[in-house]
$ cat my_file_20.csv   # CSV, C-alpha atoms and all ligand atoms
chain,number,residue,atom,x,y,z
H,1,MET,CA,0.0,0.0,0.0
H,2,ILE,CA,2.7,2.4,1.0
H,3,GLU,CA,4.7,1.6,-2.2
H,4,MET,CA,1.7,2.9,-4.1
H,5,VAL,CA,1.9,6.4,-2.7
H,6,LYS,CA,3.2,8.5,-5.6
H,7,LEU,CA,6.2,10.3,-4.3
H,8,ASP,CA,7.7,11.6,-7.6
H,9,ASN,CA,5.8,15.0,-7.3
H,10,ILE,CA,6.2,15.4,-3.6
H,11,GLY,CA,7.8,18.7,-2.8
H,12,GLU,CA,7.7,19.9,-6.5
H,13,GLN,CA,5.9,23.1,-5.4
H,14,MET,CA,7.7,23.2,-2.1
H,15,GLU,CA,11.2,22.2,-3.2
H,16,ARG,CA,12.6,25.3,-1.7
H,17,ALA,CA,11.1,24.6,1.7
H,18,LEU,CA,13.7,24.5,4.5
H,19,ILE,CA,13.2,21.7,7.0
H,20,LEU,CA,15.0,21.3,10.3
H,21,VAL,CA,15.4,17.8,11.7
H,22,VAL,CA,16.1,17.5,15.4
H,23,ASP,CA,17.2,14.2,16.9
H,24,ASP,CA,20.0,13.2,19.4
H,25,ASP,CA,20.4,9.8,17.6
H,26,PRO,CA,22.9,10.3,14.7
H,27,LEU,CA,21.5,7.4,12.8
H,28,ASN,CA,18.0,8.8,12.8
H,29,LEU,CA,19.3,12.1,11.7
H,30,VAL,CA,21.1,10.5,8.7
H,31,VAL,CA,18.0,8.5,7.6
H,32,LEU,CA,15.7,11.5,8.0
H,33,LYS,CA,18.1,13.8,6.1
H,34,GLN,CA,18.5,11.3,3.3
H,35,THR,CA,14.8,10.8,3.0
H,36,LEU,CA,14.0,14.5,2.9
H,37,GLN,CA,16.9,15.8,0.9
H,38,LYS,CA,15.5,14.3,-2.3
H,39,TYR,CA,12.8,17.0,-2.2
H,40,TYR,CA,13.7,19.7,0.3
H,41,ARG,CA,16.6,21.7,1.8
H,42,VAL,CA,17.4,20.1,5.1
H,43,LEU,CA,19.2,21.4,8.2
H,44,SER,CA,19.8,19.2,11.3
H,45,ALA,CA,20.4,19.7,15.1
H,46,SER,CA,21.3,17.1,17.6
H,47,ASN,CA,19.8,18.8,20.7
H,48,GLY,CA,17.2,21.3,21.7
H,49,GLN,CA,19.4,24.3,22.2
H,50,GLU,CA,21.1,23.8,18.8
H,51,ALA,CA,17.6,23.5,17.3
H,52,LEU,CA,16.6,26.9,18.7
H,53,ASP,CA,19.9,28.4,17.5
H,54,VAL,CA,19.3,27.1,14.0
H,55,VAL,CA,15.7,28.4,14.1
H,56,SER,CA,16.8,31.9,15.2
H,57,SER,CA,19.2,32.3,12.3
H,58,ASN,CA,17.3,30.6,9.4
H,59,THR,CA,13.8,30.9,8.0
H,60,ILE,CA,12.6,27.4,8.8
H,61,ASP,CA,9.4,26.1,7.1
H,62,LEU,CA,8.9,23.0,9.2
H,63,ILE,CA,10.5,21.1,12.1
H,64,LEU,CA,10.7,17.4,12.6
H,65,LEU,CA,11.3,17.2,16.4
H,66,ASP,CA,12.4,14.2,18.5
H,67,ILE,CA,10.9,14.2,22.0
H,68,LYS,CA,13.3,12.3,24.2
H,69,MET,CA,16.5,14.3,24.2
H,70,PRO,CA,18.9,15.1,27.1
H,71,LYS,CA,18.9,18.5,28.8
H,72,MET,CA,16.0,20.0,26.7
H,73,ASP,CA,13.3,17.6,25.5
H,74,GLY,CA,11.1,18.1,22.4
H,75,TYR,CA,8.2,19.4,24.6
H,76,GLN,CA,10.4,22.2,26.0
H,77,VAL,CA,11.7,23.1,22.6
H,78,LEU,CA,8.1,23.3,21.3
H,79,LYS,CA,7.1,25.5,24.2
H,80,LYS,CA,9.9,27.9,23.5
H,81,LEU,CA,8.9,28.0,19.8
H,82,LYS,CA,5.3,28.7,20.7
H,83,ASN,CA,6.2,31.5,23.1
H,84,SER,CA,8.0,33.6,20.5
H,85,PRO,CA,6.0,35.5,17.9
H,86,GLN,CA,8.8,34.9,15.4
H,87,THR,CA,8.6,31.1,15.6
H,88,GLN,CA,5.1,30.3,16.8
H,89,SER,CA,3.7,29.6,13.4
H,90,ILE,CA,6.5,27.2,12.2
H,91,PRO,CA,4.7,23.8,12.0
H,92,VAL,CA,6.3,21.1,14.2
H,93,ILE,CA,5.9,17.3,13.7
H,94,PHE,CA,6.9,15.3,16.6
H,95,ILE,CA,8.8,12.1,15.7
H,96,SER,CA,9.2,9.9,18.8
H,97,ALA,CA,9.6,6.5,20.2
H,98,ASN,CA,7.0,7.4,22.9
H,99,ASP,CA,4.0,5.7,21.3
H,100,SER,CA,1.4,6.1,24.1
H,101,HIS,CA,-1.8,7.9,23.3
H,102,ALA,CA,-1.1,10.2,26.2
H,103,ASP,CA,2.2,11.3,24.8
H,104,GLU,CA,0.7,11.9,21.4
H,105,ALA,CA,-2.2,13.8,22.9
H,106,LYS,CA,0.2,15.9,24.9
H,107,GLY,CA,2.3,16.8,21.9
H,108,LEU,CA,-0.7,17.7,19.8
H,109,GLU,CA,-2.3,19.7,22.6
H,110,MET,CA,0.9,21.7,22.9
H,111,GLY,CA,0.6,22.8,19.3
H,112,ALA,CA,2.4,20.1,17.3
H,113,MET,CA,0.8,19.6,13.9
H,114,ASP,CA,1.4,15.9,13.7
H,115,TYR,CA,3.0,13.0,15.5
H,116,ILE,CA,5.0,10.2,14.0
H,117,THR,CA,6.1,7.2,16.0
H,118,LYS,CA,9.5,5.5,15.7
H,119,PRO,CA,10.5,3.3,14.0
H,120,PHE,CA,9.2,5.5,11.2
H,121,SER,CA,8.5,4.7,7.6
H,122,PRO,CA,10.3,7.2,5.2
H,123,PRO,CA,7.4,7.3,2.7
H,124,ILE,CA,5.0,8.1,5.5
H,125,VAL,CA,7.3,10.8,6.8
H,126,LEU,CA,7.4,12.3,3.3
H,127,VAL,CA,3.7,12.4,2.9
H,128,ARG,CA,3.1,13.9,6.3
H,129,VAL,CA,5.7,16.5,5.8
H,130,LYS,CA,4.2,17.4,2.4
H,131,ASN,CA,0.7,17.7,4.0
H,132,GLN,CA,2.0,20.1,6.6
H,133,LEU,CA,3.9,22.2,4.1
H,134,THR,CA,0.8,22.4,2.0
H,135,ILE,CA,-1.2,23.7,4.9
H,136,LYS,CA,1.5,26.2,5.9
H,137,GLN,CA,1.7,27.4,2.3
H,138,LYS,CA,-2.0,28.1,2.3
H,139,ASN,CA,-1.9,29.8,5.7
H,140,ASP,CA,1.0,32.0,4.7
H,141,LEU,CA,-0.9,33.0,1.5
H,142,LEU,CA,-4.1,33.8,3.5
H,143,GLU,CA,-2.0,35.8,6.0
H,144,LYS,CA,-0.4,37.7,3.2
H,145,LEU,CA,-3.8,38.4,1.4
H,146,VAL,CA,-5.4,39.9,4.5
H,147,SER,CA,-2.6,42.3,5.1
H,148,ILE,CA,-1.6,43.4,1.6
H,149,ASP,CA,-3.3,46.2,-0.3
H,150,GLY,CA,-4.7,44.8,-3.6
H,151,LEU,CA,-3.7,47.8,-5.8
H,152,THR,CA,-0.3,48.7,-4.6
H,153,GLU,CA,0.8,45.4,-3.1
H,154,ILE,CA,2.3,47.0,-0.1
H,155,ASN,CA,0.9,46.5,3.5
H,156,ASN,CA,-2.6,47.6,4.0
H,157,ARG,CA,-4.4,49.6,6.7
H,158,ARG,CA,-5.1,46.4,8.7
H,159,PHE,CA,-1.4,45.5,8.8
H,160,PHE,CA,-0.7,49.1,9.8
H,161,ASP,CA,-3.2,49.1,12.7
H,162,GLU,CA,-1.9,45.8,14.0
H,163,ASN,CA,1.8,46.5,13.7
H,164,ILE,CA,1.9,50.1,15.0
H,165,THR,CA,0.3,48.8,18.2
H,166,LYS,CA,2.9,46.0,18.4
H,167,GLU,CA,5.7,48.5,17.9
H,168,TRP,CA,4.2,50.9,20.4
H,169,ARG,CA,4.1,48.2,23.0
H,170,ARG,CA,7.7,47.1,22.2
H,171,ALA,CA,9.0,50.7,22.3
H,172,SER,CA,7.2,51.3,25.6
H,173,ARG,CA,8.7,48.2,27.1
H,174,SER,CA,12.3,49.0,26.0
H,175,GLY,CA,12.0,52.8,26.6
H,176,GLU,CA,13.1,53.5,23.0
H,177,GLU,CA,11.7,56.3,20.8
H,178,MET,CA,9.6,55.3,17.8
H,179,SER,CA,8.5,57.5,15.0
H,180,MET,CA,5.9,57.6,12.3
H,181,LEU,CA,5.1,59.4,9.1
H,182,LEU,CA,1.8,60.2,7.4
H,183,ILE,CA,2.4,60.8,3.7
H,184,ASP,CA,-0.1,62.3,1.2
H,185,ILE,CA,0.2,62.7,-2.5
H,186,ASP,CA,-0.3,66.4,-3.4
H,187,HIS,CA,-3.2,67.5,-5.7
H,188,PHE,CA,-4.0,63.9,-6.4
H,189,LYS,CA,-7.7,64.7,-7.2
H,190,LEU,CA,-6.5,66.9,-10.0
H,191,PHE,CA,-4.2,64.2,-11.2
H,192,ASN,CA,-7.1,61.7,-11.3
H,193,ASP,CA,-9.5,64.1,-12.8
H,194,ASN,CA,-7.1,65.1,-15.7
H,195,TYR,CA,-5.1,62.0,-16.4
H,196,GLY,CA,-7.8,59.4,-15.5
H,197,HIS,CA,-8.4,56.9,-12.7
H,198,ARG,CA,-6.1,54.3,-14.4
H,199,ALA,CA,-3.2,56.7,-14.5
H,200,GLY,CA,-4.0,57.6,-10.9
H,201,ASP,CA,-3.7,53.9,-10.0
H,202,GLU,CA,-0.4,53.6,-11.8
H,203,CYS,CA,0.9,56.7,-9.9
H,204,LEU,CA,-0.2,55.2,-6.6
H,205,LYS,CA,1.6,52.0,-7.4
H,206,MET,CA,4.9,53.8,-8.3
H,207,VAL,CA,4.8,56.0,-5.2
H,208,ALA,CA,4.0,53.0,-3.0
H,209,SER,CA,6.9,50.9,-4.3
H,210,THR,CA,9.3,53.8,-4.0
H,211,LEU,CA,8.3,54.3,-0.4
H,212,LYS,CA,8.5,50.6,0.3
H,213,SER,CA,12.0,50.3,-1.2
H,214,LEU,CA,13.3,53.0,1.2
H,215,CYS,CA,11.7,51.6,4.3
H,216,GLN,CA,13.3,48.2,4.6
H,217,ARG,CA,15.5,48.6,7.8
H,218,GLY,CA,14.8,46.2,10.6
H,219,SER,CA,11.2,46.4,11.8
H,220,ASP,CA,10.4,49.6,9.7
H,221,PHE,CA,7.4,49.3,7.5
H,222,VAL,CA,5.2,51.3,5.2
H,223,ALA,CA,1.5,50.8,4.5
H,224,ARG,CA,-1.3,52.3,2.4
H,225,TYR,CA,-3.2,54.2,5.0
H,226,GLY,CA,-6.2,55.0,2.8
H,227,GLY,CA,-6.8,56.5,-0.7
H,228,GLU,CA,-3.7,58.5,-1.6
H,229,GLU,CA,-2.3,58.4,1.9
H,230,PHE,CA,0.5,56.3,3.2
H,231,ALA,CA,2.0,55.7,6.6
H,232,ALA,CA,5.5,54.6,7.7
H,233,VAL,CA,6.6,53.4,11.1
H,234,PHE,CA,10.3,53.5,12.2
H,235,SER,CA,11.2,51.8,15.4
H,236,PRO,CA,13.4,52.4,17.1
H,237,CYS,CA,14.0,55.9,15.6
H,238,HIS,CA,14.5,59.4,16.9
H,239,LEU,CA,12.4,62.3,15.5
H,240,ASP,CA,15.5,63.9,13.8
H,241,ASP,CA,16.3,60.6,12.0
H,242,ALA,CA,12.6,60.2,11.0
H,243,ILE,CA,12.6,63.7,9.5
H,244,LYS,CA,15.8,62.9,7.5
H,245,GLN,CA,14.2,59.7,6.3
H,246,ALA,CA,11.0,61.6,5.4
H,247,GLU,CA,13.1,64.0,3.3
H,248,ARG,CA,14.6,61.1,1.5
H,249,LEU,CA,11.2,59.7,0.7
H,250,GLN,CA,10.0,63.2,-0.5
H,251,LYS,CA,13.0,63.5,-2.8
H,252,ALA,CA,12.7,60.0,-4.1
H,253,VAL,CA,9.0,60.6,-5.1
H,254,TYR,CA,9.9,63.9,-6.7
H,255,ASP,CA,12.7,62.1,-8.6
H,256,LEU,CA,10.2,59.7,-10.0
H,257,SER,CA,9.4,62.6,-12.3
H,258,ILE,CA,5.7,61.6,-12.8
H,259,PRO,CA,4.4,64.5,-14.8
H,260,HIS,CA,1.6,66.5,-13.1
H,261,LYS,CA,1.0,69.7,-15.1
H,262,PHE,CA,-2.2,70.4,-13.1
H,263,SER,CA,-0.3,70.7,-9.8
H,264,SER,CA,0.3,74.3,-8.5
H,265,THR,CA,3.2,72.9,-6.4
H,266,ALA,CA,5.5,71.4,-9.0
H,267,SER,CA,5.5,70.0,-12.6
H,268,VAL,CA,5.7,66.5,-11.2
H,269,VAL,CA,3.9,64.5,-8.6
H,270,THR,CA,5.0,65.4,-5.0
H,271,ILE,CA,4.2,64.3,-1.5
H,272,SER,CA,3.7,66.1,1.8
H,273,ILE,CA,4.8,64.3,5.0
H,274,GLY,CA,3.9,64.8,8.7
H,275,VAL,CA,6.3,63.3,11.2
H,276,ALA,CA,5.8,62.5,14.8
H,277,SER,CA,7.6,60.6,17.5
H,278,SER,CA,6.7,58.9,20.8
H,279,ASN,CA,8.9,61.5,22.6
H,280,LEU,CA,6.8,64.5,21.6
H,281,ASN,CA,4.9,66.3,24.3
H,282,GLY,CA,1.4,65.0,24.5
H,283,VAL,CA,2.1,61.7,22.8
H,284,ASN,CA,1.1,58.9,25.2
H,285,SER,CA,-0.7,56.4,22.9
H,286,VAL,CA,-0.8,55.2,19.4
H,287,GLU,CA,-3.8,57.4,18.7
H,288,SER,CA,-2.0,60.5,19.9
H,289,LEU,CA,1.1,59.6,17.8
H,290,ILE,CA,-1.1,59.3,14.7
H,291,GLU,CA,-2.8,62.6,15.6
H,292,MET,CA,0.5,64.4,15.9
H,293,ALA,CA,1.7,63.0,12.5
H,294,ASP,CA,-1.6,64.2,11.0
H,295,LYS,CA,-1.1,67.7,12.5
H,296,GLY,CA,2.4,67.7,10.9
H,297,LEU,CA,0.9,66.6,7.6
H,298,TYR,CA,-1.7,69.4,7.8
H,299,LEU,CA,1.2,71.9,8.5
H,300,ALA,CA,3.1,70.6,5.5
H,301,LYS,CA,0.1,71.0,3.2
H,302,ASP,CA,-0.6,74.4,4.7
H,303,SER,CA,3.0,75.5,4.1
H,304,GLY,CA,2.8,74.9,0.4
H,305,ARG,CA,3.0,71.0,0.0
H,306,ASN,CA,6.1,69.0,-1.1
H,307,GLN,CA,7.4,69.4,2.5
H,308,VAL,CA,8.2,67.5,5.6
H,309,LYS,CA,6.8,68.9,8.9
H,310,SER,CA,6.5,67.9,12.5
H,311,TYR,CA,4.1,69.5,14.9
H,312,THR,CA,5.9,70.3,18.1
V,401,LIG,N1,-6.9,56.4,-9.0
V,401,LIG,C1,-7.2,56.3,-7.7
V,401,LIG,N2,-7.6,57.4,-7.0
V,401,LIG,C2,-7.8,57.3,-5.7
V,401,LIG,C3,-7.8,56.0,-5.1
V,401,LIG,N3,-8.1,56.2,-3.8
V,401,LIG,C4,-8.4,57.6,-3.6
V,401,LIG,N4,-8.2,58.2,-4.8
V,401,LIG,C5,-8.4,59.6,-5.2
V,401,LIG,O1,-7.6,60.4,-4.4
V,401,LIG,C6,-8.1,61.8,-4.5
V,401,LIG,C7,-7.9,62.4,-3.1
V,401,LIG,O2,-8.3,63.7,-3.3
V,401,LIG,P1,-8.2,64.8,-2.1
V,401,LIG,O3,-8.4,64.1,-0.8
V,401,LIG,O4,-9.0,66.0,-2.4
V,401,LIG,O5,-6.7,65.2,-2.0
V,401,LIG,P2,-5.7,66.0,-3.1
V,401,LIG,O6,-6.4,66.3,-4.3
V,401,LIG,O7,-4.5,65.2,-3.2
V,401,LIG,O8,-5.5,67.3,-2.3
V,401,LIG,P3,-4.3,67.7,-1.3
V,401,LIG,O9,-4.0,66.4,-0.5
V,401,LIG,O10,-4.8,68.8,-0.5
V,401,LIG,O11,-3.1,68.1,-2.1
V,401,LIG,C8,-9.6,61.6,-4.9
V,401,LIG,O12,-9.7,62.1,-6.2
V,401,LIG,C9,-9.8,60.1,-4.8
V,401,LIG,O13,-10.7,59.7,-5.8
V,401,LIG,C10,-7.4,54.9,-5.8
V,401,LIG,O14,-7.3,53.8,-5.3
V,401,LIG,N5,-7.1,55.0,-7.1

$ encode --input "my_file_20.csv" --output "structure tokens" --more "lines below"
Ligand SMILES: Nc1nc2c(ncn2[C@@H]2O[C@H](COP(=O)(O)OP(=O)(O)OP(=O)(O)O)[C@@H](O)[C@H]2O)c(=O)[nH]1
Amino acid sequence: MIEMVKLDNIGEQMERALILVVDDDPLNLVVLKQTLQKYYRVLSASNGQEALDVVSSNTIDLILLDIKMPKMDGYQVLKKLKNSPQTQSIPVIFISANDSHADEAKGLEMGAMDYITKPFSPPIVLVRVKNQLTIKQKNDLLEKLVSIDGLTEINNRRFFDENITKEWRRASRSGEEMSMLLIDIDHFKLFNDNYGHRAGDECLKMVASTLKSLCQRGSDFVARYGGEEFAAVFSPCHLDDAIKQAERLQKAVYDLSIPHKFSSTASVVTISIGVASSNLNGVNSVESLIEMADKGLYLAKDSGRNQVKSYT
């Protein structure tokens, strides 16, 4: 029956998946690696700490995890993975000689996606790995779809709302300053009205991808905030550095040289930017940070557009 499982196509779509195999028995590691290497990229670790180190320095798609290991067992490794936002969604399949139902139930209850008992059959390991990778691929796609703006393909408002709150909490805990920008395309209604909605869409896409390409440092991100408005979050980041970064964005959009002969500000498309930071007087919540950036944006518009302003 097992021989009838068609393995030739396994991993075709997921051949770039990176799998971590964790086992303190060198022979098991060799057999698992040989089995999986035909279809995937494989890394190995011979104890729990080594596994966590590998996970922290690689983008792992799936972990095959032994339970009985000295010092840190598989349950402890899984618990640590689940406790960290960076690693909690990596699917884990336990692979263990513990074959009692209680052990299996414990592993699954802790968040393992599957449980394979030793001695294992390589074809079954392959099929179960493939199943979990398929589920992960679909979950990743869904996750991406709900947080990406359909037109510009940068982060959407939902992503912004969730992540600015996360960054705010992180900055509050660490005592670091965080900054944000509210960015608005100048005279965009006139652009739309005169060049057409399609050209407007193209303009939004070009501006968005320029902003994104310049906001790639660490946990910085840019999102479409609504209509022709964008928002960027820099964390950690002082107000002065955020202003410098905003000026870079303003220049980069100007340098795109998208003609806008109906703008009274310049002959090309320009942006106005409001900057705020968590250290400003009166900023004590995400809402007040956004409000201050909005006041800065209003000031930039009021001062003639194509400007960067912070309201202090
Ligand atoms: N093409 C296109 N236009 C959009 C989209 N979302 C919003 N807009 C347009 O963006 C324009 C925004 O106009 P306003 O809010 O008056 O802003 P503005 O003309 O840029 O004026 P200032 O900000 O004061 O310089 C409107 O014409 C909207 O229809 C979109 O997804 N595609």

$ residues_near_ligand --input "my_file_20.csv" --ligand "ligand LIG 401 (chain V)" --cutoff "8 Å" --atoms "all atoms listed in the file" --output "PyMOL selection string"
chain H and resi 151+184-193+196-204+226-228+301+305

$ write_last_selection --input "my_file_20.csv" --atoms "C-alpha atoms" --output "short mmCIF file (atom, residue, chain, number, x, y, z; two decimals), in the coordinates of the input"
data_model
loop_
_atom_site.label_atom_id
_atom_site.label_comp_id
_atom_site.auth_asym_id
_atom_site.auth_seq_id
_atom_site.Cartn_x
_atom_site.Cartn_y
_atom_site.Cartn_z
CA LEU H 151 -3.70 47.80 -5.80
CA ASP H 184 -0.10 62.30 1.20
CA ILE H 185 0.20 62.70 -2.50
CA ASP H 186 -0.30 66.40 -3.40
CA HIS H 187 -3.20 67.50 -5.70
CA PHE H 188 -4.00 63.90 -6.40
CA LYS H 189 -7.70 64.70 -7.20
CA LEU H 190 -6.50 66.90 -10.00
CA PHE H 191 -4.20 64.20 -11.20
CA ASN H 192 -7.10 61.70 -11.30
CA ASP H 193 -9.50 64.10 -12.80
CA GLY H 196 -7.80 59.40 -15.50
CA HIS H 197 -8.40 56.90 -12.70
CA ARG H 198 -6.10 54.30 -14.40
CA ALA H 199 -3.20 56.70 -14.50
CA GLY H 200 -4.00 57.60 -10.90
CA ASP H 201 -3.70 53.90 -10.00
CA GLU H 202 -0.40 53.60 -11.80
CA CYS H 203 0.90 56.70 -9.90
CA LEU H 204 -0.20 55.20 -6.60
CA GLY H 226 -6.20 55.00 2.80
CA GLY H 227 -6.80 56.50 -0.70
CA GLU H 228 -3.70 58.50 -1.60
CA LYS H 301 0.10 71.00 3.20
CA ARG H 305 3.00 71.00 0.00
#

$ residues_around --input "my_file_20.csv" --residues "Asn306 of chain H" --least-positions-apart "6" --cutoff "12 Å" --atoms "all atoms listed in the file" --output "short mmCIF file (atom, residue, chain, number, x, y, z; two decimals) with C-alpha atoms, in the coordinates of the input"
data_model
loop_
_atom_site.label_atom_id
_atom_site.label_comp_id
_atom_site.auth_asym_id
_atom_site.auth_seq_id
_atom_site.Cartn_x
_atom_site.Cartn_y
_atom_site.Cartn_z
CA ILE H 183 2.40 60.80 3.70
CA ASP H 184 -0.10 62.30 1.20
CA ILE H 185 0.20 62.70 -2.50
CA ASP H 186 -0.30 66.40 -3.40
CA HIS H 187 -3.20 67.50 -5.70
CA ALA H 246 11.00 61.60 5.40
CA GLU H 247 13.10 64.00 3.30
CA ARG H 248 14.60 61.10 1.50
CA LEU H 249 11.20 59.70 0.70
CA GLN H 250 10.00 63.20 -0.50
CA LYS H 251 13.00 63.50 -2.80
CA ALA H 252 12.70 60.00 -4.10
CA VAL H 253 9.00 60.60 -5.10
CA TYR H 254 9.90 63.90 -6.70
CA SER H 263 -0.30 70.70 -9.80
CA SER H 264 0.30 74.30 -8.50
CA THR H 265 3.20 72.90 -6.40
CA ALA H 266 5.50 71.40 -9.00
CA SER H 267 5.50 70.00 -12.60
CA VAL H 268 5.70 66.50 -11.20
CA VAL H 269 3.90 64.50 -8.60
CA THR H 270 5.00 65.40 -5.00
CA ILE H 271 4.20 64.30 -1.50
CA SER H 272 3.70 66.10 1.80
CA ILE H 273 4.80 64.30 5.00
CA GLY H 274 3.90 64.80 8.70
CA LEU H 297 0.90 66.60 7.60
CA TYR H 298 -1.70 69.40 7.80
CA LEU H 299 1.20 71.90 8.50
CA ALA H 300 3.10 70.60 5.50
#

$ residues_around --input "my_file_20.csv" --residues "segment 278-280 of chain H" --least-positions-apart "5" --cutoff "7 Å" --atoms "all atoms listed in the file" --output "number ranges by chain"
H: 177-179, 289, 312

$ write_last_selection --input "my_file_20.csv" --atoms "C-alpha atoms" --output "tab-separated table (two decimals), keeping the file's coordinate frame"
chain	number	residue	atom	x	y	z
H	177	GLU	CA	11.70	56.30	20.80
H	178	MET	CA	9.60	55.30	17.80
H	179	SER	CA	8.50	57.50	15.00
H	289	LEU	CA	1.10	59.60	17.80
H	312	THR	CA	5.90	70.30	18.10

$ residues_near_point --input "my_file_20.csv" --point "(5.3, 25.5, 8.2)" --cutoff "9 Å" --atoms "all atoms listed in the file" --output "PyMOL selection string"
chain H and resi 17+19+60-63+89-92+132-137+139-140

$ closest_residue --input "my_file_20.csv" --among "H:Ala102, H:Val125, H:Leu181, H:Val55" --to "Lys80 of chain H" --atoms "only C-alpha atoms"
H:Val55

$ closest_residue --input "my_file_20.csv" --among "H:Leu126, H:Leu145, H:Ala208, H:Leu78" --to "Leu108 of chain H" --atoms "all atoms listed in the file"
H:Leu78

$ residues_around --input "my_file_20.csv" --residues "Asp149 of chain H" --least-positions-apart "3" --cutoff "12 Å" --atoms "only C-alpha atoms" --output "ChimeraX atom specification"
/H:144-146,152-160,204-205,208-209,222-227,230

$ write_last_selection --input "my_file_20.csv" --atoms "C-alpha atoms" --output "compact mmCIF listing (two decimals), in the coordinates of the input"
# COMPACT_ATOMS: atom_id res chain seq x y z
CA LYS H 144 -0.40 37.70 3.20
CA LEU H 145 -3.80 38.40 1.40
CA VAL H 146 -5.40 39.90 4.50
CA THR H 152 -0.30 48.70 -4.60
CA GLU H 153 0.80 45.40 -3.10
CA ILE H 154 2.30 47.00 -0.10
CA ASN H 155 0.90 46.50 3.50
CA ASN H 156 -2.60 47.60 4.00
CA ARG H 157 -4.40 49.60 6.70
CA ARG H 158 -5.10 46.40 8.70
CA PHE H 159 -1.40 45.50 8.80
CA PHE H 160 -0.70 49.10 9.80
CA LEU H 204 -0.20 55.20 -6.60
CA LYS H 205 1.60 52.00 -7.40
CA ALA H 208 4.00 53.00 -3.00
CA SER H 209 6.90 50.90 -4.30
CA VAL H 222 5.20 51.30 5.20
CA ALA H 223 1.50 50.80 4.50
CA ARG H 224 -1.30 52.30 2.40
CA TYR H 225 -3.20 54.20 5.00
CA GLY H 226 -6.20 55.00 2.80
CA GLY H 227 -6.80 56.50 -0.70
CA PHE H 230 0.50 56.30 3.20

$ closest_residue --input "my_file_20.csv" --among "H:Gln76, H:Ser288, H:Asn163, H:Thr210" --to "Gln49 of chain H" --atoms "all atoms listed in the file"
H:Gln76

$ atom_distance --input "my_file_20.csv" --atom1 "atom CA of Asp255 of chain H" --atom2 "atom CA of Glu291 of chain H"
28.7 Å

$ residues_around --input "my_file_20.csv" --residues "Ala51 of chain H" --least-positions-apart "2" --cutoff "9 Å" --atoms "all atoms listed in the file" --output "list in words"
Leu20, Val21, Val22, Ser44, Ala45, Ser46, Asn47, Gly48, Gln49, Asp53, Val54, Val55, Ser56, Leu65 and Val77 of chain H

$ closest_residue --input "my_file_20.csv" --among "H:Ala293, H:Ala231, H:Ile116, H:Val286" --to "Ile95 of chain H" --atoms "all atoms listed in the file"
H:Ile116

$ atom_distance --input "my_file_20.csv" --atom1 "atom CA of Leu43 of chain H" --atom2 "atom CA of Leu29 of chain H"
9.9 Å

$ closest_residue --input "my_file_20.csv" --among "H:Gln307, H:Ser257, H:Asn28, H:Thr87" --to "Met206 of chain H" --atoms "only C-alpha atoms"
H:Ser257

$ atom_distance --input "my_file_20.csv" --atom1 "atom CA of Gly150 of chain H" --atom2 "atom CA of Val275 of chain H"
26.1 Å

$ residues_around --input "my_file_20.csv" --residues "Phe234 of chain H" --least-positions-apart "3" --cutoff "10 Å" --atoms "all atoms listed in the file" --output "PyMOL selection string"
chain H and resi 164+167+177-181+215-222+237-239+241-242+245+277

$ closest_residue --input "my_file_20.csv" --among "H:Arg16, H:Lys130, H:Asp114, H:Tyr195" --to "His260 of chain H" --atoms "all atoms listed in the file"
H:Tyr195

$ residues_near_point --input "my_file_20.csv" --point "(5.5, 69.7, 19.3)" --cutoff "9 Å" --atoms "only C-alpha atoms" --output "JSON, numbers by chain"
{"H": [276, 280, 281, 282, 292, 310, 311, 312]}

$ write_last_selection --input "my_file_20.csv" --atoms "C-alpha atoms" --output "PDB file, keeping the file's coordinate frame"
ATOM      1  CA  ALA H 276       5.800  62.500  14.800  1.00  0.00           C
ATOM      2  CA  LEU H 280       6.800  64.500  21.600  1.00  0.00           C
ATOM      3  CA  ASN H 281       4.900  66.300  24.300  1.00  0.00           C
ATOM      4  CA  GLY H 282       1.400  65.000  24.500  1.00  0.00           C
ATOM      5  CA  MET H 292       0.500  64.400  15.900  1.00  0.00           C
ATOM      6  CA  SER H 310       6.500  67.900  12.500  1.00  0.00           C
ATOM      7  CA  TYR H 311       4.100  69.500  14.900  1.00  0.00           C
ATOM      8  CA  THR H 312       5.900  70.300  18.100  1.00  0.00           C
TER       9      THR H 312
END

$ axis_aligned_box --input "my_file_20.csv" --around "segment 274-281 of chain H" --padding-each-side "4 Å" --output "AutoDock Vina command-line options"
--center_x 6.4 --center_y 62.6 --center_z 16.5 --size_x 13.0 --size_y 15.4 --size_z 23.6
